[in-house]
file query_11.pdb (PDB, C-alpha atoms)
ATOM      1  CA  MET A  17      41.838 -62.134   3.824
ATOM      2  CA  GLU A  18      40.293 -58.847   2.706
ATOM      3  CA  ALA A  19      40.329 -57.568   6.289
ATOM      4  CA  VAL A  20      44.013 -58.495   6.587
ATOM      5  CA  ARG A  21      44.865 -56.701   3.365
ATOM      6  CA  THR A  22      42.960 -53.622   4.518
ATOM      7  CA  ALA A  23      44.805 -53.566   7.832
ATOM      8  CA  LEU A  24      48.173 -54.022   6.161
ATOM      9  CA  TRP A  25      47.414 -51.251   3.697
ATOM     10  CA  ALA A  26      46.484 -48.886   6.496
ATOM     11  CA  CYS A  27      49.662 -49.703   8.386
ATOM     12  CA  LEU A  28      51.754 -49.178   5.274
ATOM     13  CA  MET A  29      50.198 -45.795   4.624
ATOM     14  CA  ALA A  30      50.800 -44.720   8.193
ATOM     15  CA  VAL A  31      54.458 -45.702   7.919
ATOM     16  CA  LEU A  32      54.885 -43.991   4.569
ATOM     17  CA  VAL A  33      53.685 -40.641   5.874
ATOM     18  CA  SER A  34      54.923 -40.846   9.445
ATOM     19  CA  THR A  35      58.377 -39.636   8.486
ATOM     20  CA  GLY A  36      56.844 -36.392   7.267
ATOM     21  CA  ALA A  37      54.466 -35.871  10.166
ATOM     22  CA  ARG A  38      55.091 -32.914  12.408
ATOM     23  CA  ALA A  39      54.623 -32.464  16.124
ATOM     24  CA  ALA A  40      51.402 -30.502  15.783
ATOM     25  CA  GLY A  41      50.191 -30.769  19.345
ATOM     26  CA  PRO A  42      46.719 -32.027  20.160
ATOM     27  CA  ALA A  43      44.227 -32.235  17.332
ATOM     28  CA  ILE A  44      41.457 -29.641  17.152
ATOM     29  CA  PRO A  45      38.026 -31.180  17.798
ATOM     30  CA  TRP A  46      36.061 -29.815  14.866
ATOM     31  CA  VAL A  47      32.929 -30.457  12.838
ATOM     32  CA  VAL A  48      31.259 -29.333   9.603
ATOM     33  CA  TYR A  49      27.470 -29.282   9.295
ATOM     34  CA  TYR A  50      25.432 -27.842   6.426
ATOM     35  CA  ALA A  51      21.905 -27.947   7.844
ATOM     36  CA  ALA A  52      19.914 -26.193  10.561
ATOM     37  CA  GLU A  53      18.002 -28.880  12.414
ATOM     38  CA  LEU A  54      20.435 -29.720  15.211
ATOM     39  CA  PRO A  55      20.466 -27.565  18.357
ATOM     40  CA  PRO A  56      23.593 -25.663  19.361
ATOM     41  CA  SER A  57      24.160 -28.126  22.203
ATOM     42  CA  ALA A  58      25.000 -30.811  19.635
ATOM     43  CA  PHE A  59      28.237 -28.952  18.919
ATOM     44  CA  TYR A  60      29.396 -28.129  22.437
ATOM     45  CA  ALA A  61      32.070 -30.852  22.334
ATOM     46  CA  TYR A  62      33.851 -29.178  19.383
ATOM     47  CA  ASP A  63      36.237 -26.231  19.399
ATOM     48  CA  LEU A  64      35.743 -25.350  15.725
ATOM     49  CA  VAL A  65      32.349 -25.445  13.994
ATOM     50  CA  VAL A  66      31.964 -24.920  10.227
ATOM     51  CA  LEU A  67      28.400 -24.136   9.190
ATOM     52  CA  GLU A  68      26.469 -23.220   6.056
ATOM     53  CA  SER A  69      26.361 -19.423   6.168
ATOM     54  CA  ASP A  70      22.798 -19.049   4.863
ATOM     55  CA  ARG A  71      21.101 -21.781   6.917
ATOM     56  CA  HIS A  72      22.440 -22.869  10.275
ATOM     57  CA  PRO A  73      21.720 -23.398  13.982
ATOM     58  CA  PRO A  74      21.874 -20.367  16.307
ATOM     59  CA  LEU A  75      25.442 -19.104  16.624
ATOM     60  CA  GLU A  76      25.312 -17.192  19.892
ATOM     61  CA  PRO A  77      25.253 -20.206  22.251
ATOM     62  CA  LEU A  78      28.336 -21.580  20.528
ATOM     63  CA  ILE A  79      30.267 -18.324  20.572
ATOM     64  CA  ASP A  80      29.278 -17.739  24.207
ATOM     65  CA  ARG A  81      31.034 -21.030  25.020
ATOM     66  CA  GLY A  82      34.221 -19.984  23.275
ATOM     67  CA  LYS A  83      33.717 -21.957  20.074
ATOM     68  CA  LYS A  84      35.208 -20.724  16.821
ATOM     69  CA  VAL A  85      32.341 -20.577  14.322
ATOM     70  CA  VAL A  86      32.979 -19.971  10.628
ATOM     71  CA  GLY A  87      30.628 -19.736   7.660
ATOM     72  CA  TYR A  88      30.816 -21.408   4.288
ATOM     73  CA  ILE A  89      31.538 -19.365   1.166
ATOM     74  CA  SER A  90      32.122 -20.594  -2.375
ATOM     75  CA  LEU A  91      34.624 -18.416  -4.231
ATOM     76  CA  GLY A  92      35.253 -20.483  -7.365
ATOM     77  CA  GLU A  93      31.667 -21.133  -8.379
ATOM     78  CA  VAL A  94      28.167 -20.026  -7.511
ATOM     79  CA  ASN A  95      25.054 -22.138  -7.172
ATOM     80  CA  GLU A  96      21.813 -20.993  -8.730
ATOM     81  CA  THR A  97      20.179 -21.229  -5.290
ATOM     82  CA  ARG A  98      22.267 -18.354  -3.939
ATOM     83  CA  PRO A  99      20.368 -15.059  -3.749
ATOM     84  CA  TYR A 100      23.036 -13.225  -5.726
ATOM     85  CA  PHE A 101      23.190 -15.761  -8.572
ATOM     86  CA  ALA A 102      21.073 -13.709 -10.989
ATOM     87  CA  GLU A 103      23.235 -10.631 -10.462
ATOM     88  CA  VAL A 104      26.466 -12.542 -11.057
ATOM     89  CA  LYS A 105      24.998 -14.152 -14.164
ATOM     90  CA  ALA A 106      23.928 -10.756 -15.498
ATOM     91  CA  GLU A 107      27.493  -9.503 -15.077
ATOM     92  CA  GLY A 108      28.653 -12.148 -17.555
ATOM     93  CA  ILE A 109      31.384 -13.602 -15.368
ATOM     94  CA  LEU A 110      30.098 -17.189 -15.279
ATOM     95  CA  LEU A 111      32.093 -19.672 -17.353
ATOM     96  CA  GLY A 112      29.787 -22.670 -17.566
ATOM     97  CA  GLU A 113      28.110 -25.267 -15.413
ATOM     98  CA  ASN A 114      30.080 -27.658 -13.238
ATOM     99  CA  GLU A 115      29.190 -31.069 -14.672
ATOM    100  CA  ASN A 116      29.773 -32.720 -11.300
ATOM    101  CA  TRP A 117      27.401 -30.358  -9.482
ATOM    102  CA  LYS A 118      24.377 -29.464 -11.570
ATOM    103  CA  GLY A 119      23.106 -25.964 -10.989
ATOM    104  CA  SER A 120      26.523 -24.672  -9.931
ATOM    105  CA  TYR A 121      28.537 -22.490 -12.297
ATOM    106  CA  PHE A 122      32.226 -21.644 -12.513
ATOM    107  CA  ILE A 123      33.208 -18.039 -11.873
ATOM    108  CA  ASP A 124      35.897 -16.064 -13.662
ATOM    109  CA  VAL A 125      37.811 -15.129 -10.524
ATOM    110  CA  ARG A 126      39.968 -12.776 -12.589
ATOM    111  CA  ASP A 127      37.095 -10.310 -12.936
ATOM    112  CA  PRO A 128      37.440  -7.424 -10.443
ATOM    113  CA  ARG A 129      33.652  -7.291 -10.060
ATOM    114  CA  TRP A 130      33.774 -10.672  -8.329
ATOM    115  CA  THR A 131      36.472  -9.479  -5.920
ATOM    116  CA  LYS A 132      34.438  -6.366  -5.186
ATOM    117  CA  ARG A 133      31.313  -8.420  -4.481
ATOM    118  CA  VAL A 134      33.172 -10.833  -2.211
ATOM    119  CA  VAL A 135      34.992  -8.141  -0.229
ATOM    120  CA  GLU A 136      32.242  -5.544   0.001
ATOM    121  CA  ASP A 137      29.131  -7.710   0.177
ATOM    122  CA  LEU A 138      29.401 -11.482   0.625
ATOM    123  CA  VAL A 139      31.988 -11.688   3.402
ATOM    124  CA  PRO A 140      30.591  -8.738   5.388
ATOM    125  CA  GLN A 141      27.162 -10.429   5.278
ATOM    126  CA  ILE A 142      28.631 -13.565   6.799
ATOM    127  CA  LEU A 143      30.389 -11.618   9.531
ATOM    128  CA  ARG A 144      27.265  -9.583  10.324
ATOM    129  CA  ARG A 145      25.402 -12.826  10.980
ATOM    130  CA  GLY A 146      27.845 -13.493  13.808
ATOM    131  CA  PHE A 147      30.371 -15.772  12.167
ATOM    132  CA  GLN A 148      33.990 -15.260  13.185
ATOM    133  CA  GLY A 149      35.458 -16.211   9.849
ATOM    134  CA  ILE A 150      34.964 -17.983   6.547
ATOM    135  CA  PHE A 151      35.465 -21.449   5.144
ATOM    136  CA  ILE A 152      36.545 -20.961   1.513
ATOM    137  CA  ASP A 153      35.370 -23.637  -0.897
ATOM    138  CA  THR A 154      35.772 -24.301  -4.667
ATOM    139  CA  LEU A 155      39.117 -22.568  -5.188
ATOM    140  CA  ASP A 156      40.263 -25.822  -6.789
ATOM    141  CA  ASN A 157      38.328 -24.636  -9.833
ATOM    142  CA  PRO A 158      40.753 -21.966 -11.070
ATOM    143  CA  GLY A 159      43.574 -24.497 -11.378
ATOM    144  CA  HIS A 160      41.246 -27.030 -13.003
ATOM    145  CA  LEU A 161      40.061 -24.476 -15.575
ATOM    146  CA  GLN A 162      43.594 -23.297 -16.271
ATOM    147  CA  ARG A 163      44.693 -26.854 -16.980
ATOM    148  CA  LEU A 164      41.717 -27.396 -19.286
ATOM    149  CA  ASP A 165      42.548 -24.345 -21.407
ATOM    150  CA  ALA A 166      45.813 -22.649 -20.519
ATOM    151  CA  LYS A 167      45.271 -19.811 -22.996
ATOM    152  CA  ALA A 168      41.643 -18.893 -22.347
ATOM    153  CA  ASN A 169      41.996 -19.315 -18.589
ATOM    154  CA  ALA A 170      45.486 -17.934 -18.118
ATOM    155  CA  GLY A 171      46.030 -16.264 -14.759
ATOM    156  CA  MET A 172      43.208 -18.029 -12.955
ATOM    157  CA  VAL A 173      45.369 -19.443 -10.165
ATOM    158  CA  GLU A 174      47.147 -16.163  -9.532
ATOM    159  CA  ALA A 175      43.786 -14.352  -9.454
ATOM    160  CA  ALA A 176      42.485 -16.842  -6.882
ATOM    161  CA  ALA A 177      45.565 -16.313  -4.723
ATOM    162  CA  ARG A 178      45.172 -12.565  -5.070
ATOM    163  CA  LEU A 179      41.565 -12.825  -3.916
ATOM    164  CA  VAL A 180      42.611 -14.673  -0.745
ATOM    165  CA  ARG A 181      45.348 -12.135  -0.055
ATOM    166  CA  THR A 182      42.846  -9.320  -0.585
ATOM    167  CA  LEU A 183      40.535 -10.879   1.974
ATOM    168  CA  ARG A 184      43.342 -11.066   4.511
ATOM    169  CA  ARG A 185      44.240  -7.405   3.981
ATOM    170  CA  ASN A 186      40.643  -6.286   4.344
ATOM    171  CA  PHE A 187      39.787  -8.571   7.259
ATOM    172  CA  PRO A 188      43.048  -9.003   9.180
ATOM    173  CA  ARG A 189      41.469 -10.579  12.296
ATOM    174  CA  MET A 190      39.012 -12.862  10.531
ATOM    175  CA  THR A 191      39.625 -16.616  10.609
ATOM    176  CA  ILE A 192      40.242 -17.937   7.093
ATOM    177  CA  ILE A 193      40.111 -21.651   6.312
ATOM    178  CA  LEU A 194      40.959 -22.814   2.785
ATOM    179  CA  ASN A 195      39.507 -26.057   1.488
ATOM    180  CA  ARG A 196      42.205 -27.695  -0.629
ATOM    181  CA  GLY A 197      43.087 -25.065  -3.235
ATOM    182  CA  TYR A 198      46.422 -26.815  -3.587
ATOM    183  CA  ASP A 199      47.380 -24.896  -6.746
ATOM    184  CA  LEU A 200      47.480 -21.642  -4.808
ATOM    185  CA  LEU A 201      48.183 -22.943  -1.314
ATOM    186  CA  GLN A 202      51.873 -22.095  -1.198
ATOM    187  CA  ALA A 203      51.130 -18.563  -2.417
ATOM    188  CA  VAL A 204      48.580 -17.922   0.365
ATOM    189  CA  GLU A 205      49.783 -20.094   3.224
ATOM    190  CA  ARG A 206      50.811 -16.995   5.196
ATOM    191  CA  ASP A 207      47.393 -15.430   4.675
ATOM    192  CA  ILE A 208      45.191 -18.242   6.025
ATOM    193  CA  ASP A 209      44.741 -19.722   9.471
ATOM    194  CA  MET A 210      43.912 -23.292   8.500
ATOM    195  CA  VAL A 211      43.919 -25.508   5.447
ATOM    196  CA  LEU A 212      41.567 -28.434   4.980
ATOM    197  CA  GLY A 213      42.346 -31.557   2.989
ATOM    198  CA  GLU A 214      39.077 -32.998   1.697
ATOM    199  CA  SER A 215      38.821 -36.685   0.787
ATOM    200  CA  VAL A 216      42.437 -37.290   1.715
ATOM    201  CA  TYR A 217      42.035 -40.910   2.839
ATOM    202  CA  ALA A 218      38.416 -41.805   2.107
ATOM    203  CA  ASP A 219      35.728 -40.560  -0.253
ATOM    204  CA  TYR A 220      32.281 -41.296  -1.690
ATOM    205  CA  ASP A 221      31.804 -42.691  -5.192
ATOM    206  CA  PHE A 222      28.651 -41.157  -6.680
ATOM    207  CA  GLU A 223      28.495 -43.778  -9.419
ATOM    208  CA  THR A 224      28.637 -46.830  -7.174
ATOM    209  CA  LYS A 225      27.065 -44.964  -4.251
ATOM    210  CA  LYS A 226      29.646 -46.435  -1.904
ATOM    211  CA  TYR A 227      32.262 -45.100   0.470
ATOM    212  CA  GLY A 228      35.842 -46.259  -0.008
ATOM    213  CA  LYS A 229      39.509 -45.400   0.350
ATOM    214  CA  VAL A 230      41.126 -43.118  -2.206
ATOM    215  CA  ASP A 231      43.903 -44.560  -4.331
ATOM    216  CA  ASP A 232      47.377 -44.857  -2.861
ATOM    217  CA  ALA A 233      49.007 -42.169  -5.041
ATOM    218  CA  THR A 234      46.317 -39.552  -4.376
ATOM    219  CA  TYR A 235      46.487 -40.193  -0.652
ATOM    220  CA  ARG A 236      50.273 -39.837  -0.512
ATOM    221  CA  GLN A 237      50.220 -36.730  -2.704
ATOM    222  CA  GLN A 238      47.736 -34.917  -0.478
ATOM    223  CA  VAL A 239      49.517 -35.889   2.720
ATOM    224  CA  GLU A 240      52.811 -34.629   1.327
ATOM    225  CA  ILE A 241      51.257 -31.313   0.290
ATOM    226  CA  LEU A 242      49.616 -30.781   3.659
ATOM    227  CA  GLN A 243      52.631 -31.828   5.709
ATOM    228  CA  GLY A 244      54.900 -29.682   3.555
ATOM    229  CA  THR A 245      52.676 -26.680   4.217
ATOM    230  CA  ALA A 246      52.719 -27.409   7.948
ATOM    231  CA  ARG A 247      56.508 -27.607   7.980
ATOM    232  CA  ARG A 248      56.796 -24.223   6.283
ATOM    233  CA  GLN A 249      54.087 -22.646   8.444
ATOM    234  CA  PRO A 250      54.145 -24.278  11.909
ATOM    235  CA  ASN A 251      51.310 -22.082  13.186
ATOM    236  CA  LEU A 252      48.972 -23.088  10.375
ATOM    237  CA  LYS A 253      46.557 -25.816  11.411
ATOM    238  CA  VAL A 254      45.794 -28.702   9.050
ATOM    239  CA  LEU A 255      42.302 -30.197   9.068
ATOM    240  CA  THR A 256      41.095 -33.240   7.168
ATOM    241  CA  LEU A 257      37.585 -34.149   6.067
ATOM    242  CA  ASP A 258      37.038 -37.729   4.955
ATOM    243  CA  TYR A 259      33.779 -39.424   3.996
ATOM    244  CA  TRP A 260      32.762 -42.825   5.329
ATOM    245  CA  ASP A 261      29.780 -44.997   6.163
ATOM    246  CA  PRO A 262      28.523 -43.645   9.532
ATOM    247  CA  SER A 263      27.488 -47.127  10.666
ATOM    248  CA  ASP A 264      31.073 -48.417  10.437
ATOM    249  CA  ALA A 265      32.513 -47.309  13.779
ATOM    250  CA  ALA A 266      35.725 -49.297  13.276
ATOM    251  CA  GLY A 267      36.336 -47.738   9.872
ATOM    252  CA  ILE A 268      35.782 -44.253  11.248
ATOM    253  CA  ALA A 269      38.148 -44.918  14.135
ATOM    254  CA  GLU A 270      40.797 -46.110  11.672
ATOM    255  CA  ILE A 271      40.561 -42.885   9.678
ATOM    256  CA  TYR A 272      40.854 -40.741  12.806
ATOM    257  CA  LYS A 273      43.906 -42.709  13.933
ATOM    258  CA  ILE A 274      45.683 -42.436  10.582
ATOM    259  CA  GLN A 275      45.012 -38.732  10.115
ATOM    260  CA  ALA A 276      46.042 -37.920  13.683
ATOM    261  CA  ALA A 277      49.295 -39.825  13.077
ATOM    262  CA  ASN A 278      49.827 -37.628  10.033
ATOM    263  CA  GLY A 279      49.701 -34.584  12.306
ATOM    264  CA  PHE A 280      46.231 -33.502  11.173
ATOM    265  CA  SER A 281      42.946 -32.670  12.928
ATOM    266  CA  PRO A 282      40.420 -35.086  11.403
ATOM    267  CA  TYR A 283      36.683 -35.191  11.000
ATOM    268  CA  VAL A 284      34.757 -37.978   9.255
ATOM    269  CA  ALA A 285      31.332 -37.257   7.787
ATOM    270  CA  THR A 286      28.694 -38.405   5.356
ATOM    271  CA  VAL A 287      29.029 -36.880   1.910
ATOM    272  CA  GLU A 288      25.830 -34.842   2.376
ATOM    273  CA  LEU A 289      27.335 -33.054   5.400
ATOM    274  CA  ASP A 290      23.841 -32.742   6.838
ATOM    275  CA  ARG A 291      24.297 -34.803   9.980
ATOM    276  CA  LEU A 292      26.761 -34.995  12.829
ATOM    277  CA  VAL A 293      28.920 -38.141  12.806
ATOM    278  CA  PRO A 294      30.623 -38.551  16.211
ATOM    279  CA  GLY A 295      34.271 -39.498  16.218
ATOM    280  CA  PRO A 296      35.538 -42.508  18.165
ATOM    281  CA  GLN A 297      36.200 -40.467  21.278
ATOM    282  CA  ARG A 298      32.595 -39.154  21.288
ATOM    283  CA  ARG A 299      30.613 -42.343  20.696
TER     284      ARG A 299
END
call {"tool": "encode", "arguments": {"input": "query_11.pdb", "output": "structure tokens"}}
result
Amino acid sequence: MEAVRTALWACLMAVLVSTGARAAGPAIPWVVYYAAELPPSAFYAYDLVVLESDRHPPLEPLIDRGKKVVGYISLGEVNETRPYFAEVKAEGILLGENENWKGSYFIDVRDPRWTKRVVEDLVPQILRRGFQGIFIDTLDNPGHLQRLDAKANAGMVEAAARLVRTLRRNFPRMTIILNRGYDLLQAVERDIDMVLGESVYADYDFETKKYGKVDDATYRQQVEILQGTARRQPNLKVLTLDYWDPSDAAGIAEIYKIQAANGFSPYVATVELDRLVPGPQRR
């Protein structure tokens, strides 16, 4: 009975969002991997490869084969493991530790010193390593902080959008992928090349230590946001990153099918993002 209910729920979700799906063309085969152990050949089947910018496999063999390779950058918080953490802390622009990610601290994105560091130092470092663009993470934080304290954190979302626009002006040919950042997405949708919806359909529960589907309302809300962006910007590609048990091939195939029907380019991974999980067409 549980299997029947799961199948019915999946069908219902597909029907609910299918009316908003766009004709996006073929999905982009893509992958995200935040480790360095795998050889470049492990990624030859993918057109887009997102890697950790400080620790990663060799880039040249991928670029030589025409792959788009982009490096991770966190713009809404900084982890104490980053080499520039002490300098940012000394500047006094950290706002407190992220309770969900110990050792990672929110950044006041309104401070011009952060923009200067990102534009003049952090992004150029990534590009000098050979990356062709950046994968922007943690720009959900400004909206979260602004909702927590509208007075103290006023202007956070606009500052985050301004930072993205500044990056586009300074690096007009660089690929820019935004992870979620839904609060500022409409303001920057002309300035990015791709948007990624993380945990749209499936996620990992750190308390129960289990993978599972997100709730119905959250799923529909994210799909509507992403499809709405795609309708306004037909050239903007929509990626999805869902988390699932890598041993459940049928479950992974279901997620790929649903997200492709939504008009998105899916990838399904483990929450650690430190291994490659082949999609159904690559098993």
call {"tool": "resolve_selection", "arguments": {"input": "query_11.pdb", "expression": "the PyMOL selection byres ((chain A and resi 156) around 8)", "output": "PyMOL selection string"}}
result
chain A and resi 92+153-155+157-160+196-199
call {"tool": "residues_around", "arguments": {"input": "query_11.pdb", "residues": "stretch 126-129 of chain A", "least_positions_apart": "4", "cutoff": "7 Å", "atoms": "all atoms listed in the file", "output": "PyMOL selection string"}}
result
chain A and resi 133+172+175
call {"tool": "resolve_selection", "arguments": {"input": "query_11.pdb", "expression": "the PyMOL selection byres ((chain A and resi 223-237) around 9)", "output": "PyMOL selection string"}}
result
chain A and resi 29+32-33+215-222+238-242+259-261+287
call {"tool": "resolve_selection", "arguments": {"input": "query_11.pdb", "expression": "the PyMOL selection byres ((chain A and resi 185-187) around 12)", "output": "list in words"}}
result
Thr131, Lys132, Val134, Val135, Glu136, Val139, Pro140, Leu143, Gln148, Gly149, Ile150, Arg178, Leu179, Val180, Arg181, Thr182, Leu183, Arg184, Pro188, Arg189, Met190, Thr191, Ile192, Val204, Arg206, Asp207 and Ile208 of chain A
call {"tool": "write_last_selection", "arguments": {"input": "query_11.pdb", "atoms": "C-alpha atoms", "output": "compact mmCIF listing (two decimals), keeping the file's coordinate frame"}}
result
# COMPACT_ATOMS: atom_id res chain seq x y z
CA THR A 131 36.47 -9.48 -5.92
CA LYS A 132 34.44 -6.37 -5.19
CA VAL A 134 33.17 -10.83 -2.21
CA VAL A 135 34.99 -8.14 -0.23
CA GLU A 136 32.24 -5.54 0.00
CA VAL A 139 31.99 -11.69 3.40
CA PRO A 140 30.59 -8.74 5.39
CA LEU A 143 30.39 -11.62 9.53
CA GLN A 148 33.99 -15.26 13.18
CA GLY A 149 35.46 -16.21 9.85
CA ILE A 150 34.96 -17.98 6.55
CA ARG A 178 45.17 -12.56 -5.07
CA LEU A 179 41.56 -12.82 -3.92
CA VAL A 180 42.61 -14.67 -0.74
CA ARG A 181 45.35 -12.14 -0.06
CA THR A 182 42.85 -9.32 -0.58
CA LEU A 183 40.53 -10.88 1.97
CA ARG A 184 43.34 -11.07 4.51
CA PRO A 188 43.05 -9.00 9.18
CA ARG A 189 41.47 -10.58 12.30
CA MET A 190 39.01 -12.86 10.53
CA THR A 191 39.62 -16.62 10.61
CA ILE A 192 40.24 -17.94 7.09
CA VAL A 204 48.58 -17.92 0.36
CA ARG A 206 50.81 -17.00 5.20
CA ASP A 207 47.39 -15.43 4.68
CA ILE A 208 45.19 -18.24 6.02
call {"tool": "closest_residue", "arguments": {"input": "query_11.pdb", "among": "A:Leu91, A:Leu111, A:Ile271, A:Ile142", "to": "A:Ala168", "atoms": "all atoms listed in the file"}}
result
A:Leu111
call {"tool": "atom_distance", "arguments": {"input": "query_11.pdb", "atom1": "atom CA of A:Ala285", "atom2": "atom CA of A:Val47"}}
result
8.6 Å
call {"tool": "closest_residue", "arguments": {"input": "query_11.pdb", "among": "A:Val66, A:Ala166, A:Lys83, A:Asp209", "to": "A:Leu257", "atoms": "only C-alpha atoms"}}
result
A:Val66
call {"tool": "closest_residue", "arguments": {"input": "query_11.pdb", "among": "A:Glu93, A:Glu214, A:Glu68, A:Glu205", "to": "A:Gln275", "atoms": "only C-alpha atoms"}}
result
A:Glu214
call {"tool": "atom_distance", "arguments": {"input": "query_11.pdb", "atom1": "atom CA of A:Leu255", "atom2": "atom CA of A:Val94"}}
result
24.0 Å
call {"tool": "residues_around", "arguments": {"input": "query_11.pdb", "residues": "A:Glu96", "least_positions_apart": "3", "cutoff": "10 Å", "atoms": "only C-alpha atoms", "output": "list in words"}}
result
Glu93, Pro99, Tyr100, Phe101, Ala102, Val104, Lys105, Lys118, Gly119, Ser120 and Tyr121 of chain A
call {"tool": "atom_distance", "arguments": {"input": "query_11.pdb", "atom1": "atom CA of A:Ile109", "atom2": "atom CA of A:Ser90"}}
result
14.8 Å
call {"tool": "residues_around", "arguments": {"input": "query_11.pdb", "residues": "A:Ala61", "least_positions_apart": "5", "cutoff": "12 Å", "atoms": "all atoms listed in the file", "output": "list of chain:residue names"}}
result
A:Ile44, A:Pro45, A:Trp46, A:Val47, A:Pro56, A:Leu78, A:Arg81, A:Gly82, A:Lys83, A:Lys84, A:Leu292, A:Pro294, A:Gly295, A:Gln297, A:Arg298, A:Arg299
call {"tool": "decode", "arguments": {"input": "query_11.pdb", "residues": "stretch 102-121 of chain A", "atoms": "N, CA and C atoms", "output": "mmCIF file, in the first residue's frame"}}
result
data_model
loop_
_atom_site.group_PDB
_atom_site.id
_atom_site.type_symbol
_atom_site.label_atom_id
_atom_site.label_comp_id
_atom_site.auth_asym_id
_atom_site.auth_seq_id
_atom_site.Cartn_x
_atom_site.Cartn_y
_atom_site.Cartn_z
ATOM 1 N N ALA A 102 40.097 34.477 8.746
ATOM 2 C CA ALA A 102 40.624 35.346 9.794
ATOM 3 C C ALA A 102 40.566 36.815 9.373
ATOM 4 N N GLU A 103 40.843 37.081 8.115
ATOM 5 C CA GLU A 103 40.803 38.466 7.635
ATOM 6 C C GLU A 103 39.384 39.015 7.659
ATOM 7 N N VAL A 104 38.426 38.206 7.221
ATOM 8 C CA VAL A 104 37.028 38.650 7.224
ATOM 9 C C VAL A 104 36.547 38.866 8.653
ATOM 10 N N LYS A 105 36.936 37.975 9.545
ATOM 11 C CA LYS A 105 36.549 38.127 10.952
ATOM 12 C C LYS A 105 37.128 39.406 11.537
ATOM 13 N N ALA A 106 38.385 39.704 11.215
ATOM 14 C CA ALA A 106 39.025 40.907 11.727
ATOM 15 C C ALA A 106 38.351 42.178 11.217
ATOM 16 N N GLU A 107 37.735 42.094 10.051
ATOM 17 C CA GLU A 107 37.031 43.260 9.505
ATOM 18 C C GLU A 107 35.724 43.546 10.240
ATOM 19 N N GLY A 108 35.250 42.582 11.028
ATOM 20 C CA GLY A 108 34.034 42.799 11.805
ATOM 21 C C GLY A 108 32.757 42.722 10.998
ATOM 22 N N ILE A 109 32.763 41.953 9.918
ATOM 23 C CA ILE A 109 31.557 41.887 9.087
ATOM 24 C C ILE A 109 30.846 40.538 9.207
ATOM 25 N N LEU A 110 31.249 39.728 10.196
ATOM 26 C CA LEU A 110 30.540 38.480 10.460
ATOM 27 C C LEU A 110 29.408 38.741 11.446
ATOM 28 N N LEU A 111 28.274 38.061 11.229
ATOM 29 C CA LEU A 111 27.071 38.333 12.009
ATOM 30 C C LEU A 111 26.701 37.221 12.981
ATOM 31 N N GLY A 112 27.445 36.172 13.035
ATOM 32 C CA GLY A 112 27.124 35.074 13.938
ATOM 33 C C GLY A 112 27.222 33.745 13.221
ATOM 34 N N GLU A 113 27.284 32.690 13.993
ATOM 35 C CA GLU A 113 27.456 31.353 13.448
ATOM 36 C C GLU A 113 26.131 30.785 12.957
ATOM 37 N N ASN A 114 26.205 30.085 11.838
ATOM 38 C CA ASN A 114 25.039 29.381 11.304
ATOM 39 C C ASN A 114 24.820 28.133 12.156
ATOM 40 N N GLU A 115 23.712 28.075 12.871
ATOM 41 C CA GLU A 115 23.459 26.961 13.779
ATOM 42 C C GLU A 115 23.351 25.628 13.054
ATOM 43 N N ASN A 116 22.962 25.667 11.791
ATOM 44 C CA ASN A 116 22.833 24.429 11.018
ATOM 45 C C ASN A 116 24.166 23.925 10.468
ATOM 46 N N TRP A 117 25.157 24.803 10.405
ATOM 47 C CA TRP A 117 26.470 24.430 9.884
ATOM 48 C C TRP A 117 27.533 25.020 10.805
ATOM 49 N N LYS A 118 27.906 24.261 11.812
ATOM 50 C CA LYS A 118 28.882 24.731 12.782
ATOM 51 C C LYS A 118 30.207 25.075 12.096
ATOM 52 N N GLY A 119 30.767 26.200 12.542
ATOM 53 C CA GLY A 119 32.017 26.654 11.960
ATOM 54 C C GLY A 119 31.841 27.544 10.755
ATOM 55 N N SER A 120 30.593 27.820 10.375
ATOM 56 C CA SER A 120 30.308 28.691 9.240
ATOM 57 C C SER A 120 29.543 29.905 9.751
ATOM 58 N N TYR A 121 29.943 31.088 9.307
ATOM 59 C CA TYR A 121 29.425 32.328 9.873
ATOM 60 C C TYR A 121 28.780 33.203 8.797
#
